[in-house]
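The block underneath contains the structure these notes are about, expressed in C-alpha cells.
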Amino acid sequence: MMKDCEEIKRLLGPWIDGELDADQAAEIQLHVQACASCLDEKARLERLESSLKSLLETKASEVAFDTFWAGVRQRIADEKSWHARAVDWLRGIFSPPRLAWAVPAMVVILVAALSLDRFLPGWRWVFGPTNVASVESIDGHGFNVALLREAKTKTTVIWLFENQENDDETSVEPVSGNAAF
Amino acid sequence: MKLRWSLFQATLLFSLCATLGSAPAGAAEAEKSQQPVQLKIGTILATNQADCLDSQLSKMKQQLEVIKYRCYRLIREESQKGSWQGNAVFEIPGGRSLVVTPQEFRNNRISLKVRLLEGEKPIVDTTVRFPNKGNFLLGGPAHEGGVLILSISAMTQ
Amino acid sequence: MEIAEWELVRKCQNGDVAAYEDIAAKYYRRVFMVILGVVHDRDDAMDVAQETFYRAFKNIKRFKGGSNFYTWIYRIAVNLAIDLQRRKKRSSVDLKEDMDEVIVETEASGNDPFRELHDRRLGEKLLCAIDELTPDHKAVIVMRAVEGLSYKEIGRIMGCSEGTIMSRLHYARKKLQEKLGTDL
C-alpha cells in the first residue's frame, strides 16, 4: 500500500540517513521524485544538517592543535604520582622564607615527642597502638626523600629522589627516570 | 628581620635545653631486649613493562599497590640474625649495601637504624620504629629499567 | 579498527604520550565539533574536549578494541558535554556573544553577499534553536550531522537503542525545522 505524504515525511530522516531497508528506501525514493512537497522537505532536512555541520566546522577550524594538545598534556602531567606530589610539597615546605620557621619548629616538635616518650614511657598507647612504622629520622644526604604512611595496609614507604630542580616539569614518564641512583 | 632572627635563636636554645634535659631520663628508661633479632631484607624490582606480581610477594600485594608500579618481582631475599647495637650488612644489587643496626625493643616495637650505601657513599640514613614482625619499604634506587624496593622486616622473641 | 591505529592505541596503553598525540591530532577537531554542538560556549567546549582526551588517556587500558576508537572517545566526550550542559544554566547574554562571533566569521569567509546574509541569519537562528533542545537531543543531531554516524553507533555511544535514537533525531529535526521556518 502506498504511503501518504505525512508517513513519507516521517521516514525522510531515516531514509536520508540510510537506515531504512531496501524496499522502504525504494518506495520513498519513488514518492519523493514525484512529490514536490516531500522533495522540498528532503532538501530542508539536508540543508539543516549541512548548515549545522558547516557552523561547527567553522568554529572548530579555529582551534589549533598545539593549543589544544598543550592543555591535554598539561592535564596528563598534572596527575603526578604520589611521590612526585610529595616532592612538590616538600619543595614548598623547604622554600627559604618558610625554612627559617620550619627548622626550629621541626626541632622543637621532634624533641618534644622524643622527650615525652622518655618521661612518660608508653604514652602513645593512650591513643591505641599503631601498626604502622614510624620514621624517627631520615637523612637523604642531599637527595629528596618522600615518606608515605598508610594505616589501612600497614604500609610505610621511604622513597628517594634526586634533586629535580632542573627537570622538565611537564615530563610524564614513569618515576624510574627520577630515581636517586 | 631582627625579630625573626632572635625568635630563631630562642627556639634553637629551647630545643638544646630540652634535649639535654631529657637525655638522662631517656637513658634510664630504655628497656632493651637481650634476645637476638631476626632481620629479613627482600629486594623487589618494580617496573612498568607489564602487569605482574611475583607469587612470593602475594602477601605484600596490598602494600605494593600503594606504590603504583605495574610489575613486581622478588629478585633477592636474605635473612640474618642481628644483635642489638650490632651491624648486619646486606648486599643489594647495583653495588649497594644496606647496613641495619637494631637499636631497641620497646612497647612491642623494634627500632632499626638503616643505612643504604652505594659503594662507600651514603645514600640514606634513617631510623624507623615498627611493630615486632612488621616491615617498612625503602624504594627509589634505579635498577634494570625499573626501581628497587627494599622490604625491611624484623622480629624478636 | 585500522591496524596502524590499533598499534598506536597499544603504545598509549604502555604510557606512550607521543603515540597519543598522534591519535589526538586525528580526532580532536571532530570531537571538538560534537562537544561544541552540545555546550555551545567555545571555552567550555575546549575545556570539555581537553578533559575528554585526558580521561581517555587515563583509561585507555580499558579500551579493548572491540569498537572503533572514535566511538569510544565520543562516548566520553558526549557524556562530559551532556553533564556540563545539564549543570550549567546558560544566559542569553552568552548566547548573543557566540552568535556575534559566528557572524564575524561568516563575513570574513563569504563571497556571495546574498548567500552570506542568508547564512548569517540561518547561523543565528540555528544556534538559538539548538539551544532549546535538551542535551540528549543536541548530542544525537550533532553526531548525525557532523559524523554521519549510524543509529547503531550513536546508540552505542549514548547507551540507548536505535529506536530511541531514531525517535530523538526525528524530534530534534522537527523542532529545528519549526524554529528555522522559512530561513531553511
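Numbering starts fresh at 1 for the residues of each chain in the C-alpha cells, the chains themselves are lettered A, B, ... in the order given, and ligands are numbered from 1 as they appear.
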
Produce a table with one row for each residue of chain A that has an atom at most 10 Å from any atom of chain C, each row naming the nearest atom pair and its distance in Å at one decimal; use only C-alpha atoms; arrange rows by chain and rising residue number; format as JSON lines.
```
{"residue": "A:Arg10", "atom": "CA", "partner": "C:His170", "partner_atom": "CA", "distance": 7.6}
{"residue": "A:Leu11", "atom": "CA", "partner": "C:His170", "partner_atom": "CA", "distance": 8.8}
{"residue": "A:Leu12", "atom": "CA", "partner": "C:His170", "partner_atom": "CA", "distance": 9.3}
{"residue": "A:Gly13", "atom": "CA", "partner": "C:His170", "partner_atom": "CA", "distance": 6.9}
{"residue": "A:Pro14", "atom": "CA", "partner": "C:Met166", "partner_atom": "CA", "distance": 7.2}
{"residue": "A:Asp17", "atom": "CA", "partner": "C:Ser150", "partner_atom": "CA", "distance": 7.4}
{"residue": "A:Gly18", "atom": "CA", "partner": "C:Ser150", "partner_atom": "CA", "distance": 8.2}
{"residue": "A:Glu19", "atom": "CA", "partner": "C:Tyr151", "partner_atom": "CA", "distance": 7.5}
{"residue": "A:Glu41", "atom": "CA", "partner": "C:Gln177", "partner_atom": "CA", "distance": 9.6}
{"residue": "A:Ala43", "atom": "CA", "partner": "C:Leu184", "partner_atom": "CA", "distance": 9.0}
{"residue": "A:Arg44", "atom": "CA", "partner": "C:Leu184", "partner_atom": "CA", "distance": 6.0}
{"residue": "A:Leu45", "atom": "CA", "partner": "C:Arg173", "partner_atom": "CA", "distance": 7.4}
{"residue": "A:Glu46", "atom": "CA", "partner": "C:Ala145", "partner_atom": "CA", "distance": 9.3}
{"residue": "A:Arg47", "atom": "CA", "partner": "C:Leu184", "partner_atom": "CA", "distance": 6.7}
{"residue": "A:Leu48", "atom": "CA", "partner": "C:Leu184", "partner_atom": "CA", "distance": 6.7}
{"residue": "A:Glu49", "atom": "CA", "partner": "C:Ala145", "partner_atom": "CA", "distance": 5.1}
{"residue": "A:Ser50", "atom": "CA", "partner": "C:Ala145", "partner_atom": "CA", "distance": 6.9}
{"residue": "A:Ser51", "atom": "CA", "partner": "C:Gly123", "partner_atom": "CA", "distance": 7.5}
{"residue": "A:Leu52", "atom": "CA", "partner": "C:Ala145", "partner_atom": "CA", "distance": 6.8}
{"residue": "A:Lys53", "atom": "CA", "partner": "C:Val146", "partner_atom": "CA", "distance": 5.2}
{"residue": "A:Ser54", "atom": "CA", "partner": "C:Val146", "partner_atom": "CA", "distance": 8.6}
{"residue": "A:Leu55", "atom": "CA", "partner": "C:Gly123", "partner_atom": "CA", "distance": 6.8}
{"residue": "A:Leu56", "atom": "CA", "partner": "C:Met33", "partner_atom": "CA", "distance": 5.5}
{"residue": "A:Glu57", "atom": "CA", "partner": "C:Met33", "partner_atom": "CA", "distance": 6.6}
{"residue": "A:Thr58", "atom": "CA", "partner": "C:Glu105", "partner_atom": "CA", "distance": 7.6}
{"residue": "A:Lys59", "atom": "CA", "partner": "C:Met33", "partner_atom": "CA", "distance": 7.7}
{"residue": "A:Ala60", "atom": "CA", "partner": "C:Met33", "partner_atom": "CA", "distance": 5.8}
{"residue": "A:Ser61", "atom": "CA", "partner": "C:Arg29", "partner_atom": "CA", "distance": 7.4}
{"residue": "A:Glu62", "atom": "CA", "partner": "C:Arg29", "partner_atom": "CA", "distance": 9.6}
{"residue": "A:Val63", "atom": "CA", "partner": "C:Arg29", "partner_atom": "CA", "distance": 7.6}
{"residue": "A:Ala64", "atom": "CA", "partner": "C:Arg29", "partner_atom": "CA", "distance": 9.0}
{"residue": "A:Phe65", "atom": "CA", "partner": "C:Ala25", "partner_atom": "CA", "distance": 6.6}
{"residue": "A:Asp66", "atom": "CA", "partner": "C:Ala25", "partner_atom": "CA", "distance": 9.1}
{"residue": "A:Thr67", "atom": "CA", "partner": "C:Met46", "partner_atom": "CA", "distance": 9.8}
{"residue": "A:Phe68", "atom": "CA", "partner": "C:Gln50", "partner_atom": "CA", "distance": 6.7}
{"residue": "A:Trp69", "atom": "CA", "partner": "C:Glu21", "partner_atom": "CA", "distance": 7.4}
{"residue": "A:Ala70", "atom": "CA", "partner": "C:Gln50", "partner_atom": "CA", "distance": 9.1}
{"residue": "A:Gly71", "atom": "CA", "partner": "C:Gln50", "partner_atom": "CA", "distance": 6.2}
{"residue": "A:Val72", "atom": "CA", "partner": "C:Gln50", "partner_atom": "CA", "distance": 5.0}
{"residue": "A:Arg73", "atom": "CA", "partner": "C:Tyr54", "partner_atom": "CA", "distance": 7.7}
{"residue": "A:Gln74", "atom": "CA", "partner": "C:Tyr54", "partner_atom": "CA", "distance": 9.1}
{"residue": "A:Arg75", "atom": "CA", "partner": "C:Tyr54", "partner_atom": "CA", "distance": 6.4}
{"residue": "A:Ile76", "atom": "CA", "partner": "C:Tyr54", "partner_atom": "CA", "distance": 6.2}
{"residue": "A:Ala77", "atom": "CA", "partner": "C:Tyr54", "partner_atom": "CA", "distance": 9.9}
{"residue": "A:Glu79", "atom": "CA", "partner": "C:Lys58", "partner_atom": "CA", "distance": 9.6}
{"residue": "A:Ser171", "atom": "CA", "partner": "C:Val17", "partner_atom": "CA", "distance": 9.9}
{"residue": "A:Val172", "atom": "CA", "partner": "C:Val17", "partner_atom": "CA", "distance": 8.0}
{"residue": "A:Glu173", "atom": "CA", "partner": "C:Gly15", "partner_atom": "CA", "distance": 7.7}
{"residue": "A:Pro174", "atom": "CA", "partner": "C:Gly15", "partner_atom": "CA", "distance": 8.4}
```

Would you export the selected residues with N, CA and C atoms as a short mmCIF file (atom, residue, chain, number, x, y, z; two decimals), in the first residue's frame, please?
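Ended up saving to result35.cif:
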```cif
data_model
loop_
_atom_site.label_atom_id
_atom_site.label_comp_id
_atom_site.auth_asym_id
_atom_site.auth_seq_id
_atom_site.Cartn_x
_atom_site.Cartn_y
_atom_site.Cartn_z
N ARG A 10 7.71 11.46 7.69
CA ARG A 10 8.21 10.90 8.96
C ARG A 10 9.43 10.00 8.71
N LEU A 11 9.45 9.39 7.54
CA LEU A 11 10.55 8.45 7.24
C LEU A 11 11.68 9.10 6.43
N LEU A 12 11.49 10.38 6.09
CA LEU A 12 12.53 11.03 5.27
C LEU A 12 13.89 11.05 5.97
N GLY A 13 13.85 11.36 7.27
CA GLY A 13 15.10 11.42 8.04
C GLY A 13 15.84 10.09 7.99
N PRO A 14 15.20 9.00 8.47
CA PRO A 14 15.87 7.69 8.40
C PRO A 14 16.28 7.30 6.97
N ASP A 17 19.37 9.12 6.15
CA ASP A 17 20.45 8.56 6.97
C ASP A 17 20.84 7.14 6.54
N GLY A 18 20.11 6.59 5.59
CA GLY A 18 20.43 5.23 5.12
C GLY A 18 20.05 4.16 6.12
N GLU A 19 19.02 4.43 6.91
CA GLU A 19 18.64 3.48 7.96
C GLU A 19 17.42 2.62 7.60
N GLU A 41 10.81 19.03 1.47
CA GLU A 41 11.07 18.63 2.86
C GLU A 41 12.45 17.95 2.96
N ALA A 43 14.98 18.46 0.99
CA ALA A 43 16.01 19.50 0.82
C ALA A 43 16.21 20.28 2.11
N ARG A 44 15.10 20.56 2.80
CA ARG A 44 15.18 21.30 4.07
C ARG A 44 15.97 20.51 5.13
N LEU A 45 15.70 19.22 5.17
CA LEU A 45 16.41 18.37 6.13
C LEU A 45 17.91 18.35 5.83
N GLU A 46 18.23 18.22 4.55
CA GLU A 46 19.64 18.16 4.17
C GLU A 46 20.33 19.49 4.46
N ARG A 47 19.60 20.57 4.21
CA ARG A 47 20.17 21.90 4.44
C ARG A 47 20.39 22.13 5.95
N LEU A 48 19.46 21.63 6.73
CA LEU A 48 19.57 21.77 8.19
C LEU A 48 20.88 21.15 8.67
N GLU A 49 21.13 19.94 8.26
CA GLU A 49 22.33 19.26 8.77
C GLU A 49 23.61 19.82 8.17
N SER A 50 23.53 20.21 6.88
CA SER A 50 24.77 20.77 6.30
C SER A 50 25.08 22.12 6.93
N SER A 51 24.04 22.90 7.26
CA SER A 51 24.28 24.20 7.92
C SER A 51 24.89 23.99 9.30
N LEU A 52 24.34 23.02 10.02
CA LEU A 52 24.86 22.74 11.36
C LEU A 52 26.31 22.30 11.28
N LYS A 53 26.58 21.42 10.33
CA LYS A 53 27.95 20.93 10.19
C LYS A 53 28.91 22.05 9.83
N SER A 54 28.50 22.90 8.89
CA SER A 54 29.42 23.96 8.47
C SER A 54 29.63 24.99 9.58
N LEU A 55 28.57 25.22 10.36
CA LEU A 55 28.69 26.14 11.50
C LEU A 55 29.74 25.62 12.50
N LEU A 56 29.62 24.34 12.82
CA LEU A 56 30.55 23.76 13.80
C LEU A 56 31.95 23.62 13.23
N GLU A 57 32.03 23.34 11.93
CA GLU A 57 33.35 23.23 11.29
C GLU A 57 34.08 24.56 11.33
N THR A 58 33.33 25.65 11.09
CA THR A 58 33.94 26.97 11.11
C THR A 58 34.55 27.24 12.48
N LYS A 59 33.78 26.92 13.50
CA LYS A 59 34.27 27.13 14.88
C LYS A 59 35.48 26.25 15.17
N ALA A 60 35.35 24.98 14.78
CA ALA A 60 36.42 24.02 15.13
C ALA A 60 37.70 24.32 14.37
N SER A 61 37.57 24.91 13.16
CA SER A 61 38.77 25.16 12.36
C SER A 61 39.68 26.20 13.02
N GLU A 62 39.12 26.95 13.95
CA GLU A 62 39.94 27.97 14.62
C GLU A 62 40.80 27.39 15.73
N VAL A 63 40.49 26.18 16.11
CA VAL A 63 41.22 25.59 17.24
C VAL A 63 42.49 24.94 16.72
N ALA A 64 43.62 25.54 17.10
CA ALA A 64 44.91 24.99 16.66
C ALA A 64 45.24 23.77 17.51
N PHE A 65 45.81 22.77 16.87
CA PHE A 65 46.11 21.54 17.61
C PHE A 65 47.09 21.79 18.74
N ASP A 66 48.09 22.64 18.49
CA ASP A 66 49.11 22.88 19.52
C ASP A 66 48.49 23.40 20.81
N THR A 67 47.57 24.35 20.64
CA THR A 67 46.90 24.92 21.82
C THR A 67 46.10 23.84 22.53
N PHE A 68 45.37 23.09 21.73
CA PHE A 68 44.54 22.04 22.30
C PHE A 68 45.39 21.00 23.03
N TRP A 69 46.44 20.55 22.36
CA TRP A 69 47.27 19.48 22.91
C TRP A 69 48.02 19.94 24.16
N ALA A 70 48.41 21.22 24.17
CA ALA A 70 49.12 21.74 25.35
C ALA A 70 48.25 21.55 26.59
N GLY A 71 46.95 21.81 26.44
CA GLY A 71 46.04 21.65 27.58
C GLY A 71 45.90 20.20 28.00
N VAL A 72 45.83 19.31 27.02
CA VAL A 72 45.69 17.88 27.35
C VAL A 72 46.97 17.39 28.05
N ARG A 73 48.09 17.77 27.46
CA ARG A 73 49.37 17.32 28.01
C ARG A 73 49.56 17.84 29.43
N GLN A 74 49.13 19.07 29.63
CA GLN A 74 49.25 19.65 30.97
C GLN A 74 48.43 18.84 31.98
N ARG A 75 47.23 18.45 31.56
CA ARG A 75 46.38 17.66 32.47
C ARG A 75 47.04 16.32 32.77
N ILE A 76 47.65 15.73 31.75
CA ILE A 76 48.31 14.44 31.98
C ILE A 76 49.48 14.63 32.95
N ALA A 77 50.24 15.71 32.71
CA ALA A 77 51.41 15.96 33.56
C ALA A 77 51.01 16.32 34.98
N GLU A 79 48.68 15.14 36.71
CA GLU A 79 48.36 13.99 37.55
C GLU A 79 49.64 13.23 37.83
N SER A 171 57.23 16.51 32.19
CA SER A 171 57.52 15.10 31.92
C SER A 171 56.48 14.21 32.58
N VAL A 172 56.01 13.21 31.84
CA VAL A 172 55.02 12.30 32.42
C VAL A 172 55.53 10.86 32.39
N GLU A 173 56.83 10.73 32.16
CA GLU A 173 57.39 9.39 32.13
C GLU A 173 57.32 8.77 33.51
N PRO A 174 57.37 7.43 33.58
CA PRO A 174 57.32 6.79 34.88
C PRO A 174 58.45 7.26 35.78
#
```

Where in chain C does DSSP assign helix (DSSP H, G or I), given as a PyMOL selection string?
-> chain C and resi 3-13+17-39+42-58+60-62+69-87+92-109+113-131+135-147+151-158+162-183

Suppose we keep C-alpha atoms; can you now write the selection as a compact mmCIF listing (two decimals), in the first residue's frame?
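Output below, filename result-v4.txt:
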```txt
# COMPACT_ATOMS: atom_id res chain seq x y z
CA ILE C 3 45.93 -1.89 12.32
CA ALA C 4 48.06 1.28 12.42
CA GLU C 5 45.61 2.90 14.81
CA TRP C 6 45.45 -0.17 16.99
CA GLU C 7 49.26 -0.10 17.16
CA LEU C 8 49.08 3.49 18.37
CA VAL C 9 46.48 2.55 20.96
CA ARG C 10 48.69 -0.29 22.21
CA LYS C 11 51.57 2.16 22.59
CA CYS C 12 49.33 4.52 24.52
CA GLN C 13 48.35 1.65 26.77
CA VAL C 17 52.29 10.06 25.25
CA ALA C 18 53.80 10.73 21.80
CA ALA C 19 51.63 8.00 20.28
CA TYR C 20 48.63 9.51 22.00
CA GLU C 21 49.47 12.88 20.46
CA ASP C 22 49.08 11.26 17.00
CA ILE C 23 45.66 9.91 17.93
CA ALA C 24 44.61 13.24 19.41
CA ALA C 25 45.71 15.08 16.25
CA LYS C 26 43.48 12.80 14.20
CA TYR C 27 40.33 13.15 16.27
CA TYR C 28 40.49 16.38 18.26
CA ARG C 29 38.65 18.56 15.75
CA ARG C 30 35.78 16.14 15.24
CA VAL C 31 35.43 15.61 18.96
CA PHE C 32 35.53 19.36 19.50
CA MET C 33 32.74 19.87 16.95
CA VAL C 34 30.44 17.40 18.66
CA ILE C 35 31.11 18.91 22.06
CA LEU C 36 30.61 22.44 20.77
CA GLY C 37 27.26 21.41 19.32
CA VAL C 38 26.14 20.38 22.76
CA VAL C 39 27.71 23.02 25.03
CA ARG C 42 33.73 27.80 22.83
CA ASP C 43 35.78 27.92 26.05
CA ASP C 44 33.57 25.31 27.66
CA ALA C 45 33.90 23.16 24.56
CA MET C 46 37.69 23.46 24.66
CA ASP C 47 37.74 22.54 28.32
CA VAL C 48 35.48 19.53 27.82
CA ALA C 49 37.45 18.38 24.77
CA GLN C 50 40.75 18.54 26.64
CA GLU C 51 39.20 16.74 29.61
CA THR C 52 37.86 14.11 27.21
CA PHE C 53 41.28 13.35 25.77
CA TYR C 54 42.86 13.41 29.21
CA ARG C 55 40.33 10.93 30.58
CA ALA C 56 40.62 8.75 27.51
CA PHE C 57 44.37 8.53 28.03
CA LYS C 58 43.96 7.82 31.70
CA ILE C 60 42.99 3.77 27.68
CA LYS C 61 43.90 0.40 29.15
CA ARG C 62 40.18 -0.27 29.37
CA PHE C 69 38.33 4.27 18.90
CA TYR C 70 36.23 7.27 17.91
CA THR C 71 33.07 5.57 19.20
CA TRP C 72 34.83 5.05 22.49
CA ILE C 73 36.17 8.60 22.78
CA TYR C 74 32.85 10.10 21.61
CA ARG C 75 31.14 8.32 24.46
CA ILE C 76 33.43 10.09 26.93
CA ALA C 77 33.03 13.41 25.11
CA VAL C 78 29.24 13.26 24.84
CA ASN C 79 28.82 12.22 28.46
CA LEU C 80 31.04 15.04 29.68
CA ALA C 81 29.33 17.58 27.41
CA ILE C 82 25.84 16.50 28.46
CA ASP C 83 26.84 16.57 32.13
CA LEU C 84 28.21 20.08 31.78
CA GLN C 85 25.18 21.26 29.87
CA ARG C 86 22.83 19.87 32.47
CA ARG C 87 24.77 21.57 35.25
CA SER C 92 21.02 34.80 26.91
CA VAL C 93 23.97 37.20 27.09
CA ASP C 94 26.39 34.32 26.48
CA LEU C 95 24.38 33.18 23.50
CA LYS C 96 24.44 36.61 21.96
CA GLU C 97 28.24 36.68 22.23
CA ASP C 98 28.50 33.34 20.49
CA MET C 99 26.21 34.45 17.71
CA ASP C 100 28.24 37.60 17.12
CA GLU C 101 31.34 35.51 16.66
CA VAL C 102 29.64 33.38 14.05
CA ILE C 103 28.53 36.48 12.16
CA VAL C 104 32.05 37.83 12.02
CA GLU C 105 33.38 34.52 10.77
CA THR C 106 30.77 34.32 8.04
CA GLU C 107 31.54 37.84 6.91
CA ALA C 108 35.18 37.03 6.61
CA SER C 109 34.69 33.88 4.58
CA PRO C 113 26.62 38.83 -0.34
CA PHE C 114 23.10 37.34 -0.55
CA ARG C 115 24.23 33.88 0.37
CA GLU C 116 26.33 35.39 3.14
CA LEU C 117 23.36 37.28 4.58
CA HIS C 118 21.24 34.17 4.46
CA ASP C 119 23.88 32.03 6.13
CA ARG C 120 24.30 34.62 8.83
CA ARG C 121 20.59 34.64 9.63
CA LEU C 122 20.50 30.89 9.49
CA GLY C 123 23.53 30.58 11.78
CA GLU C 124 21.92 32.88 14.34
CA LYS C 125 18.63 31.07 14.27
CA LEU C 126 20.24 27.65 14.28
CA LEU C 127 22.19 28.42 17.43
CA CYS C 128 19.07 29.71 19.17
CA ALA C 129 17.04 26.74 18.04
CA ILE C 130 19.61 24.14 19.07
CA ASP C 131 19.95 25.68 22.47
CA PRO C 135 21.33 17.91 25.80
CA ASP C 136 20.40 14.39 24.66
CA HIS C 137 18.63 15.68 21.55
CA LYS C 138 21.51 18.03 20.78
CA ALA C 139 24.05 15.23 21.06
CA VAL C 140 22.08 12.99 18.69
CA ILE C 141 21.61 15.54 15.93
CA VAL C 142 25.16 16.83 16.19
CA MET C 143 26.68 13.35 15.95
CA ARG C 144 24.49 12.61 12.96
CA ALA C 145 25.24 15.93 11.24
CA VAL C 146 28.95 16.11 11.97
CA GLU C 147 29.98 12.49 11.69
CA TYR C 151 21.84 4.99 14.60
CA LYS C 152 23.53 1.89 15.93
CA GLU C 153 26.79 3.74 16.57
CA ILE C 154 25.04 6.70 18.15
CA GLY C 155 23.03 4.28 20.29
CA ARG C 156 26.23 2.60 21.43
CA ILE C 157 27.76 5.94 22.35
CA MET C 158 24.70 7.16 24.22
CA GLU C 162 18.45 2.50 17.77
CA GLY C 163 14.71 3.14 18.12
CA THR C 164 15.36 5.77 20.77
CA ILE C 165 17.96 7.42 18.56
CA MET C 166 15.57 7.47 15.60
CA SER C 167 12.86 8.99 17.74
CA ARG C 168 15.18 11.63 19.26
CA LEU C 169 16.53 12.53 15.86
CA HIS C 170 13.06 12.90 14.41
CA TYR C 171 12.02 15.14 17.31
CA ALA C 172 15.18 17.26 17.12
CA ARG C 173 14.86 17.77 13.36
CA LYS C 174 11.21 18.67 13.65
CA LYS C 175 11.91 21.21 16.39
CA LEU C 176 14.75 22.80 14.47
CA GLN C 177 12.69 22.99 11.30
CA GLU C 178 9.87 24.67 13.19
CA LYS C 179 12.23 27.21 14.71
CA LEU C 180 14.05 27.98 11.49
CA GLY C 181 10.86 28.26 9.42
CA THR C 182 11.43 29.80 6.01
CA ASP C 183 15.13 30.50 6.67
```

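Neighbours of B:Asn48 closer than or equal to 9 Å, with only C-alpha atoms counted and sequence neighbours fewer than 4 positions away skipped, come out as Pro174 of chain A; Tyr69, Arg70, Cys71, Tyr72, Gly145 and Gly146 of chain B; Asn14 and Gly15 of chain C.
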
Which neighbours of B:Val114 fall inside 12 Å, counting only C-alpha atoms, when residues of the same chain fewer than 2 positions from it are skipped, and could you give them as a short mmCIF file (atom, residue, chain, number, x, y, z; two decimals) with N, CA and C atoms, in the first residue's frame?
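Final file, selection_22.cif:
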```cif
data_model
loop_
_atom_site.label_atom_id
_atom_site.label_comp_id
_atom_site.auth_asym_id
_atom_site.auth_seq_id
_atom_site.Cartn_x
_atom_site.Cartn_y
_atom_site.Cartn_z
N VAL A 135 58.76 6.79 61.30
CA VAL A 135 60.12 7.14 60.93
C VAL A 135 60.62 8.20 61.90
N GLU A 136 61.68 7.88 62.61
CA GLU A 136 62.16 8.80 63.65
C GLU A 136 63.18 9.78 63.11
N SER A 137 63.91 9.39 62.10
CA SER A 137 64.85 10.34 61.47
C SER A 137 65.16 9.87 60.05
N ILE A 138 65.41 10.84 59.19
CA ILE A 138 65.87 10.49 57.82
C ILE A 138 66.91 11.52 57.41
N ASP A 139 67.99 11.04 56.85
CA ASP A 139 68.97 11.94 56.24
C ASP A 139 69.21 11.43 54.83
N GLY A 140 68.77 12.21 53.83
CA GLY A 140 68.89 11.78 52.43
C GLY A 140 70.22 12.12 51.80
N ILE A 158 59.54 4.78 52.37
CA ILE A 158 60.50 5.89 52.25
C ILE A 158 60.98 5.87 50.81
N LEU B 39 66.50 -10.45 61.11
CA LEU B 39 66.29 -9.40 60.10
C LEU B 39 66.09 -10.06 58.73
N ILE B 41 65.58 -9.01 54.55
CA ILE B 41 65.51 -7.98 53.51
C ILE B 41 65.07 -8.64 52.20
N GLN B 85 72.40 -3.24 68.72
CA GLN B 85 73.52 -2.28 68.51
C GLN B 85 74.61 -2.82 67.59
N GLY B 86 74.39 -3.99 67.01
CA GLY B 86 75.39 -4.55 66.10
C GLY B 86 74.95 -4.36 64.65
N ASN B 87 75.92 -4.26 63.75
CA ASN B 87 75.59 -4.03 62.34
C ASN B 87 75.38 -5.35 61.59
N ALA B 88 74.34 -5.40 60.79
CA ALA B 88 74.15 -6.53 59.87
C ALA B 88 74.19 -5.93 58.46
N VAL B 89 75.05 -6.50 57.61
CA VAL B 89 75.23 -5.92 56.28
C VAL B 89 74.59 -6.84 55.23
N PHE B 90 73.76 -6.24 54.39
CA PHE B 90 73.08 -6.99 53.33
C PHE B 90 73.55 -6.44 51.99
N SER B 97 74.86 -1.54 49.37
CA SER B 97 74.75 -2.37 50.56
C SER B 97 73.84 -1.69 51.57
N LEU B 98 73.25 -2.51 52.39
CA LEU B 98 72.32 -2.00 53.40
C LEU B 98 72.86 -2.41 54.76
N VAL B 99 73.10 -1.43 55.60
CA VAL B 99 73.61 -1.73 56.94
C VAL B 99 72.46 -1.51 57.92
N VAL B 100 72.09 -2.57 58.60
CA VAL B 100 70.94 -2.49 59.53
C VAL B 100 71.44 -2.67 60.95
N THR B 101 71.09 -1.74 61.81
CA THR B 101 71.50 -1.82 63.20
C THR B 101 70.27 -1.81 64.11
N PRO B 102 69.93 -2.94 64.71
CA PRO B 102 68.79 -2.94 65.64
C PRO B 102 69.12 -2.06 66.85
N GLN B 103 68.23 -1.14 67.16
CA GLN B 103 68.51 -0.18 68.23
C GLN B 103 67.91 -0.59 69.57
N SER B 111 63.10 -0.80 66.96
CA SER B 111 63.66 0.38 66.31
C SER B 111 64.91 -0.05 65.54
N LEU B 112 64.94 0.28 64.25
CA LEU B 112 66.09 -0.08 63.41
C LEU B 112 66.73 1.17 62.83
N LEU B 116 71.73 3.01 53.75
CA LEU B 116 71.92 2.46 52.40
C LEU B 116 73.14 3.13 51.80
N LEU B 117 74.05 2.32 51.30
CA LEU B 117 75.30 2.85 50.74
C LEU B 117 75.44 2.42 49.29
N PRO B 122 77.25 7.20 51.30
CA PRO B 122 75.94 7.02 51.94
C PRO B 122 74.83 7.65 51.09
N ILE B 123 73.74 6.94 50.95
CA ILE B 123 72.59 7.42 50.19
C ILE B 123 71.49 7.90 51.13
N VAL B 124 71.24 7.10 52.13
CA VAL B 124 70.22 7.50 53.10
C VAL B 124 70.52 6.87 54.45
N ASP B 125 70.26 7.64 55.50
CA ASP B 125 70.34 7.16 56.87
C ASP B 125 68.97 7.37 57.49
N THR B 126 68.41 6.34 58.06
CA THR B 126 67.10 6.55 58.67
C THR B 126 66.95 5.66 59.89
N THR B 127 66.12 6.11 60.80
CA THR B 127 65.78 5.27 61.95
C THR B 127 64.27 5.11 61.96
N VAL B 128 63.85 3.87 61.96
CA VAL B 128 62.42 3.58 61.85
C VAL B 128 62.01 2.64 62.98
N ARG B 129 60.85 2.94 63.54
CA ARG B 129 60.33 2.08 64.62
C ARG B 129 59.05 1.43 64.11
N PHE B 136 58.84 -2.22 56.79
CA PHE B 136 58.64 -0.96 56.06
C PHE B 136 59.38 -1.08 54.72
N LEU B 137 59.06 -0.16 53.80
CA LEU B 137 59.64 -0.23 52.46
C LEU B 137 60.55 0.96 52.21
N LEU B 138 61.66 0.68 51.58
CA LEU B 138 62.59 1.75 51.18
C LEU B 138 62.76 1.62 49.67
N LEU B 150 63.08 -2.08 48.73
CA LEU B 150 63.58 -2.99 49.76
C LEU B 150 62.51 -3.13 50.84
N SER B 151 62.12 -4.37 51.09
CA SER B 151 61.20 -4.62 52.20
C SER B 151 62.06 -5.01 53.39
N ILE B 152 62.05 -4.18 54.43
CA ILE B 152 62.91 -4.41 55.58
C ILE B 152 62.04 -4.84 56.75
N SER B 153 62.25 -6.06 57.21
CA SER B 153 61.41 -6.54 58.31
C SER B 153 62.29 -7.09 59.43
N ALA B 154 61.73 -7.13 60.62
CA ALA B 154 62.48 -7.62 61.78
C ALA B 154 61.53 -8.25 62.78
#
```

Proximity to chain B - best of A:Leu20, A:Val107, A:Ala151, A:Ala146, only C-alpha atoms |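 When distances to chain B are compared using only C-alpha atoms, the smallest one comes from A:Val107.
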
How many Å lie between atom CA of B:Glu65 and atom CA of B:Gly42, rounded to one decimal?
-> 16.3 Å

One decimal, Å: what's the distance from atom CA of B:Thr43 over to atom CA of B:Ile92, could you say?
->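 It comes out at 7.3 Å.
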